[in-house]
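Structure first, commentary second.
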Amino acid sequence: MRAFISSVYLFLYAPIALVVLFSFNAGRSASEFTGFSTDWYGKALGNTFLVSALQNSLIIAFTSAALAAVFGTMAALGMERLGARMRALFDALFAAAIVVPGVVIGIATLVALVAVFSFLNPALAALWPGDRPPQLGLGYGSIIAAHGLFSMALVTMIVKARIASLGRDIVEASSDLYATPLTTFRLIVLPQILPSILAGFLLAFTFSFDDFIIAFFVAGSKTTLPIYVFASIRRGVTPEINAIATLVLFASLLLILTARILMREKRSKSGE
Amino acid sequence: MTSASTNDIEFRSVAKRYGSVTAVSDINLAVPKGAFVALLGPSGCGKTTCLRMIGGFEQPSEGMVYIGGQPMNGVPAYRRPVNMVFQQYALFPHLDVEQNVAYGLKQMRPRIAAAEIARRAQEALDMVRLGGFSKRRIHEMSGGQQQRVALARAIVNKPKVLLLDEPLAALDKKLRTAMQIELQSLQRELGITFVLVTHDQEEALSMSDLVSVMNTGRIVQVGPPQEIYDRPASLFVADFVGKTNRIAATIEPGANSVRLANGVGLAKPARANGTAGAAMVALRPESISLVRDSTATLQGTVTHRIFLGSSVEYSVEVDGLGDFLVTADRRSIDESDLAEPGERIGLRFDSNAMHVFPA
């Protein structure tokens, strides 16, 4: 049994460990370790294509996570006021958004966006007073929209769980102590749910930063980091890719760990 | 209609429905200024709904609620001159004790100067004997201390009415008794109207000067504690407030007497106005004395004896009537010796101690 469990973990983590290991390889080979070096990290960060892809990814991840945090929190707060039946419906819809495969979201978003663009662009061209009407197309906006929608469901689930543990009592107590609903939100509700909003933001950021499938469908000509990695792998795996992968891996781990800590701390406090 | 100025709270024909479910109906209640009123009843009787309608957390479906003579229908909780002590205290966990207590003062408009807020918060904390705890976190306080913080947080605002939702339910017995006394003296000191919701009849009787007994969404009797206990308006009140023995009986037509189920006839109490027919008699355990006298009204056999120190509780199997509870003063049996389980004994009581209700 022990051997079985060990082999499961080995199977899961050995490839990842190898990626990290070979990112420090001195040679060019991705299968033969010839000595320790951090050269490939320098090469990766000196690669302008890579750096611009990284920049794109950061902008998209930050914007979509920020939007998801704001709208997800608003959705979670709004759902509090729904009747039991409507709430169950929205719960199911949000859960569905999370379990629908990325490929489906990618295709669906692409089809929807193209349909909207093909309708709006001629209309814009007809109404535009100048010579060169703006052309709506795929790019930052479409990736941010696609990621933001998915992440919003994520944030809503996390924040909703926290609101549920908050209890109606303290909101009523605040109202009893002359605070208007807005003041109650600012002084009582927001401070209590802020860590979960932040956790949701970090998870959304991580998701967007790591996502390949959805971005691949709706990116247009924009290149995100996962798309760049995918494209360059077709020209052969070099330790440079390993170096990027290692950087992304540790950045993601750090974010997820922070999110976990934020969520756990709040849970233990509310238990008192 | 009572004049609004002498009543701090008034319910006029109030009903509250949730969809097709009626929580309370036909509520009429006037609480004079400075009174300590208890809403007493079993869980689900609607007492908390009434309290929440005073607090503004629920709006009546019918009728009017007045506070200090002002109609309150439609006025939200944050514009009402009342404060509530919540059952689970509902303290703000991310604020310290002083910030919790000062919360209401900080919301008041026109604004109160910070120094004044600090002074009054400290004063309120001193009043509940938590003067040295102002910088403590809420989770560092014990249950009893949290209870007092919740109390300070409410009284610091000098509300017209203080609402207490089973505030002592979560405390152990000793602490509860101490808090009962504290609440009473606090109420006298502040002169604020207190409305206490409780299912504990002892608490209601001992603390309040007006008890409103509720059952299934209605007020069944309102009066001073002594009146509620001595002259219950219904079998429910007699049963719920204090202990009682229930005896099936009939009121004899014409004759001025009550016949118990075992055939014993007794003079009808002067107060009883029941018409002839089936009736229920309620008899308090302490209005019965045990006597070693075979000519006593009722005869029975002692089955259990519980020694309570100053008094003794007996279970007596009365011939033809079943189990009776009798609370006897220690000296009620001759020479302070106690009746033994298994002993044949006589029961004697004044027929005027009987409460007769139509069955």
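Chain identifiers are assigned as A, B, and so on, following the order in which chains appear in the structure tokens; residues are numbered from 1 within each chain, and ligands are numbered from 1 in order of appearance.
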Chain B near chain A within 6 Å: what's each residue's closest atom pair and its distance in Å to one decimal, counting only C-alpha atoms, ordered by chain then ascending residue number, as a Markdown table?
```
| residue | atom | partner | partner_atom | distance |
| --- | --- | --- | --- | --- |
| B:Ala77 | CA | A:Asp176 | CA | 5.4 |
| B:Tyr78 | CA | A:Tyr178 | CA | 3.9 |
| B:Asn83 | CA | A:Asp176 | CA | 5.9 |
| B:Ala90 | CA | A:Ile170 | CA | 4.9 |
| B:Gly104 | CA | A:Leu177 | CA | 4.5 |
| B:Gln107 | CA | A:Ala179 | CA | 5.8 |
```
Using C-alpha atoms, can you write the selected residues to a file as a JSON list (two decimals), in the first residue's frame?
```json
[["chain", "number", "residue", "atom", "x", "y", "z"],
["B", 77, "ALA", "CA", -34.14, 49.95, 12.57],
["B", 78, "TYR", "CA", -31.38, 52.56, 12.27],
["B", 83, "ASN", "CA", -31.45, 49.41, 21.20],
["B", 90, "ALA", "CA", -23.84, 39.93, 18.03],
["B", 104, "GLY", "CA", -23.72, 53.62, 18.21],
["B", 107, "GLN", "CA", -23.24, 56.92, 14.15]]
```
message: I'd like the contact shell of B:Tyr229 - 12 Å cut-off, only C-alpha atoms, skipping same-chain residues fewer than 4 positions apart - returned as number ranges by chain.
response: B: 201-202, 204-206, 210-213, 221-225, 233-244, 282-284, 353, 355
Output for the residues just chosen: C-alpha atoms as a PDB file, in the first residue's frame:
```
ATOM      1  CA  GLN B 201     -41.223  31.948  33.648  1.00  0.00           C
ATOM      2  CA  GLU B 202     -39.096  32.355  36.752  1.00  0.00           C
ATOM      3  CA  ALA B 204     -40.127  36.816  33.793  1.00  0.00           C
ATOM      4  CA  LEU B 205     -41.793  36.779  37.217  1.00  0.00           C
ATOM      5  CA  SER B 206     -38.723  37.816  39.167  1.00  0.00           C
ATOM      6  CA  LEU B 210     -45.503  43.620  33.778  1.00  0.00           C
ATOM      7  CA  VAL B 211     -45.760  40.186  32.198  1.00  0.00           C
ATOM      8  CA  SER B 212     -47.351  39.530  28.853  1.00  0.00           C
ATOM      9  CA  VAL B 213     -47.928  35.815  28.412  1.00  0.00           C
ATOM     10  CA  GLN B 221     -52.768  37.505  29.579  1.00  0.00           C
ATOM     11  CA  VAL B 222     -51.133  40.765  30.614  1.00  0.00           C
ATOM     12  CA  GLY B 223     -50.602  41.807  34.213  1.00  0.00           C
ATOM     13  CA  PRO B 224     -48.207  42.214  37.107  1.00  0.00           C
ATOM     14  CA  PRO B 225     -46.287  38.991  37.928  1.00  0.00           C
ATOM     15  CA  ALA B 233     -56.662  33.686  32.959  1.00  0.00           C
ATOM     16  CA  SER B 234     -56.509  30.295  31.312  1.00  0.00           C
ATOM     17  CA  LEU B 235     -55.365  26.764  31.855  1.00  0.00           C
ATOM     18  CA  PHE B 236     -52.413  27.474  29.554  1.00  0.00           C
ATOM     19  CA  VAL B 237     -51.209  30.325  31.769  1.00  0.00           C
ATOM     20  CA  ALA B 238     -51.714  28.273  34.925  1.00  0.00           C
ATOM     21  CA  ASP B 239     -49.700  25.460  33.375  1.00  0.00           C
ATOM     22  CA  PHE B 240     -46.952  27.563  31.812  1.00  0.00           C
ATOM     23  CA  VAL B 241     -46.381  29.954  34.716  1.00  0.00           C
ATOM     24  CA  GLY B 242     -45.360  27.966  37.734  1.00  0.00           C
ATOM     25  CA  LYS B 243     -46.240  24.353  38.448  1.00  0.00           C
ATOM     26  CA  THR B 244     -49.794  23.191  38.508  1.00  0.00           C
ATOM     27  CA  ALA B 282     -55.785  23.903  38.235  1.00  0.00           C
ATOM     28  CA  LEU B 283     -54.337  23.668  41.702  1.00  0.00           C
ATOM     29  CA  ARG B 284     -50.895  24.983  42.714  1.00  0.00           C
ATOM     30  CA  ALA B 353     -57.315  28.084  45.759  1.00  0.00           C
ATOM     31  CA  HIS B 355     -58.705  27.791  39.391  1.00  0.00           C
TER      32      HIS B 355
END
```
Extract, using only C-alpha atoms, all DNA, RNA and protein residues at most 9 Å from stretch 214-224 of chain A, discarding same-chain residues fewer than 4 positions from it, and format them as a compact mmCIF listing (two decimals) with C-alpha atoms, in the first residue's frame.
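This went into result_39.txt:
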```
# COMPACT_ATOMS: atom_id res chain seq x y z
CA PHE A 49 9.06 37.98 -27.14
CA LEU A 50 8.86 36.20 -23.86
CA SER A 52 6.18 40.96 -23.83
CA ALA A 53 4.10 37.78 -23.48
CA LEU A 54 4.72 37.90 -19.74
CA GLN A 55 3.66 41.54 -19.71
CA ASN A 56 0.45 40.70 -21.58
CA SER A 57 -0.28 37.90 -19.14
CA LEU A 58 0.26 40.14 -16.12
CA ILE A 60 -4.72 40.43 -18.40
CA GLY A 102 -12.27 25.37 -20.70
CA VAL A 103 -12.60 24.26 -24.32
CA VAL A 104 -16.34 24.84 -24.20
CA ILE A 105 -15.96 28.24 -22.57
CA GLY A 106 -13.30 29.12 -25.12
CA ILE A 107 -15.37 28.16 -28.16
CA THR A 109 -16.89 32.94 -25.92
CA LEU A 110 -15.21 33.08 -29.33
CA LEU A 113 -17.69 37.62 -29.47
CA GLY A 137 -11.69 42.69 -32.46
CA LEU A 138 -10.10 39.98 -30.37
CA GLY A 139 -7.26 40.97 -28.06
CA TYR A 140 -6.80 42.17 -24.50
CA GLY A 141 -10.46 42.93 -24.11
CA SER A 142 -11.70 39.55 -25.20
CA ILE A 143 -9.26 37.60 -23.00
CA ILE A 144 -10.03 39.82 -20.00
CA ALA A 146 -13.50 35.58 -20.90
CA HIS A 147 -11.23 35.19 -17.88
CA SER A 208 -5.91 33.80 -15.63
CA PHE A 209 -2.13 33.82 -15.53
CA TYR A 228 4.13 31.64 -26.04
CA VAL A 229 5.33 28.57 -24.16
```
- request: Looking only at strand (DSSP E or B) from DSSP on the backbone, list the matching residues of stretch 39-125 of chain B as a PyMOL selection string.
  value: chain B and resi 39-40+62-67+70-71+82-85+96
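A straight line drawn from atom CA of B:Ala261 to atom CA of B:Gln299 is 13.8 Å long.
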message: Excluding stretch 15-17 of chain B and its own-chain neighbours fewer than 4 positions away, which residues fall within 10 Å of it when counting only C-alpha atoms? Please give them as a PyMOL selection string.
response: chain B and resi 11+21-28+46+49-50+53+58-64+217-218
message: Can you pull out every residue from stretch 7-144 of chain B that DSSP, working from the backbone, puts in helix (DSSP H, G or I), and format the result as a PyMOL selection string?
response: chain B and resi 47-55+77-79+97-107+114-127+131-133+138-140+143-144
message: Here is a test: counting only C-alpha atoms, which residue of B:Phe133, B:Arg344, B:Glu286, B:Arg305 is nearest to B:Ala328?
response: B:Glu286
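Taking atom CA of A:Asn121 and atom CA of A:Ala108 as endpoints, the distance between them is 19.7 Å.
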field: Residue neighbourhood B:Met179, 12 Å, only C-alpha atoms, exclusion window fewer than 6 positions, as a VMD selection string
entry: chain B and resid 128 to 129 144 to 145 147 to 148 151 167 to 173 185 to 187 203 207
Could those residues be written to a file, using N, CA and C atoms, as a PDB file, in the first residue's frame?
```pdb
ATOM      1  N   VAL B 128     -21.262  48.470  33.742  1.00  0.00           N
ATOM      2  CA  VAL B 128     -21.391  47.006  33.710  1.00  0.00           C
ATOM      3  C   VAL B 128     -20.139  46.337  34.286  1.00  0.00           C
ATOM      4  N   ARG B 129     -19.355  47.104  35.015  1.00  0.00           N
ATOM      5  CA  ARG B 129     -18.172  46.615  35.704  1.00  0.00           C
ATOM      6  C   ARG B 129     -17.146  45.978  34.765  1.00  0.00           C
ATOM      7  N   GLY B 144     -20.009  35.621  29.933  1.00  0.00           N
ATOM      8  CA  GLY B 144     -20.653  36.599  30.800  1.00  0.00           C
ATOM      9  C   GLY B 144     -20.156  38.008  30.528  1.00  0.00           C
ATOM     10  N   GLN B 145     -18.853  38.118  30.226  1.00  0.00           N
ATOM     11  CA  GLN B 145     -18.296  39.440  29.923  1.00  0.00           C
ATOM     12  C   GLN B 145     -18.827  39.962  28.596  1.00  0.00           C
ATOM     13  N   GLN B 147     -21.626  39.289  27.339  1.00  0.00           N
ATOM     14  CA  GLN B 147     -23.000  39.668  27.627  1.00  0.00           C
ATOM     15  C   GLN B 147     -23.047  41.105  28.141  1.00  0.00           C
ATOM     16  N   ARG B 148     -22.118  41.431  29.022  1.00  0.00           N
ATOM     17  CA  ARG B 148     -22.107  42.773  29.602  1.00  0.00           C
ATOM     18  C   ARG B 148     -21.631  43.813  28.587  1.00  0.00           C
ATOM     19  N   LEU B 151     -24.588  44.624  26.610  1.00  0.00           N
ATOM     20  CA  LEU B 151     -25.466  45.477  27.396  1.00  0.00           C
ATOM     21  C   LEU B 151     -24.964  46.926  27.383  1.00  0.00           C
ATOM     22  N   PRO B 167     -31.566  37.388  26.837  1.00  0.00           N
ATOM     23  CA  PRO B 167     -30.162  37.767  26.989  1.00  0.00           C
ATOM     24  C   PRO B 167     -29.394  36.856  27.935  1.00  0.00           C
ATOM     25  N   LEU B 168     -30.104  36.134  28.781  1.00  0.00           N
ATOM     26  CA  LEU B 168     -29.401  35.357  29.801  1.00  0.00           C
ATOM     27  C   LEU B 168     -29.396  33.861  29.487  1.00  0.00           C
ATOM     28  N   ALA B 169     -29.979  33.492  28.349  1.00  0.00           N
ATOM     29  CA  ALA B 169     -30.155  32.072  28.042  1.00  0.00           C
ATOM     30  C   ALA B 169     -28.828  31.325  27.946  1.00  0.00           C
ATOM     31  N   ALA B 170     -27.772  32.024  27.500  1.00  0.00           N
ATOM     32  CA  ALA B 170     -26.510  31.327  27.261  1.00  0.00           C
ATOM     33  C   ALA B 170     -25.615  31.291  28.505  1.00  0.00           C
ATOM     34  N   LEU B 171     -26.086  31.864  29.611  1.00  0.00           N
ATOM     35  CA  LEU B 171     -25.239  31.916  30.808  1.00  0.00           C
ATOM     36  C   LEU B 171     -25.579  30.777  31.766  1.00  0.00           C
ATOM     37  N   ASP B 172     -24.591  30.391  32.595  1.00  0.00           N
ATOM     38  CA  ASP B 172     -24.903  29.339  33.576  1.00  0.00           C
ATOM     39  C   ASP B 172     -25.737  29.932  34.710  1.00  0.00           C
ATOM     40  N   LYS B 173     -26.305  29.058  35.534  1.00  0.00           N
ATOM     41  CA  LYS B 173     -27.346  29.468  36.463  1.00  0.00           C
ATOM     42  C   LYS B 173     -26.909  30.567  37.429  1.00  0.00           C
ATOM     43  N   SER B 185     -31.393  46.416  38.668  1.00  0.00           N
ATOM     44  CA  SER B 185     -30.923  47.658  39.285  1.00  0.00           C
ATOM     45  C   SER B 185     -30.540  48.657  38.200  1.00  0.00           C
ATOM     46  N   LEU B 186     -30.019  48.145  37.086  1.00  0.00           N
ATOM     47  CA  LEU B 186     -29.681  49.006  35.966  1.00  0.00           C
ATOM     48  C   LEU B 186     -30.918  49.713  35.428  1.00  0.00           C
ATOM     49  N   GLN B 187     -31.990  48.959  35.360  1.00  0.00           N
ATOM     50  CA  GLN B 187     -33.222  49.516  34.812  1.00  0.00           C
ATOM     51  C   GLN B 187     -33.744  50.627  35.710  1.00  0.00           C
ATOM     52  N   GLU B 203     -37.699  33.772  35.379  1.00  0.00           N
ATOM     53  CA  GLU B 203     -37.018  34.998  35.007  1.00  0.00           C
ATOM     54  C   GLU B 203     -38.041  36.121  34.798  1.00  0.00           C
ATOM     55  N   MET B 207     -38.103  39.396  37.387  1.00  0.00           N
ATOM     56  CA  MET B 207     -37.480  40.638  36.944  1.00  0.00           C
ATOM     57  C   MET B 207     -38.465  41.743  36.566  1.00  0.00           C
TER      58      MET B 207
END
```
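Distance-wise, atom CA of A:Val100 and atom CA of A:Gly200 end up 18.9 Å apart.
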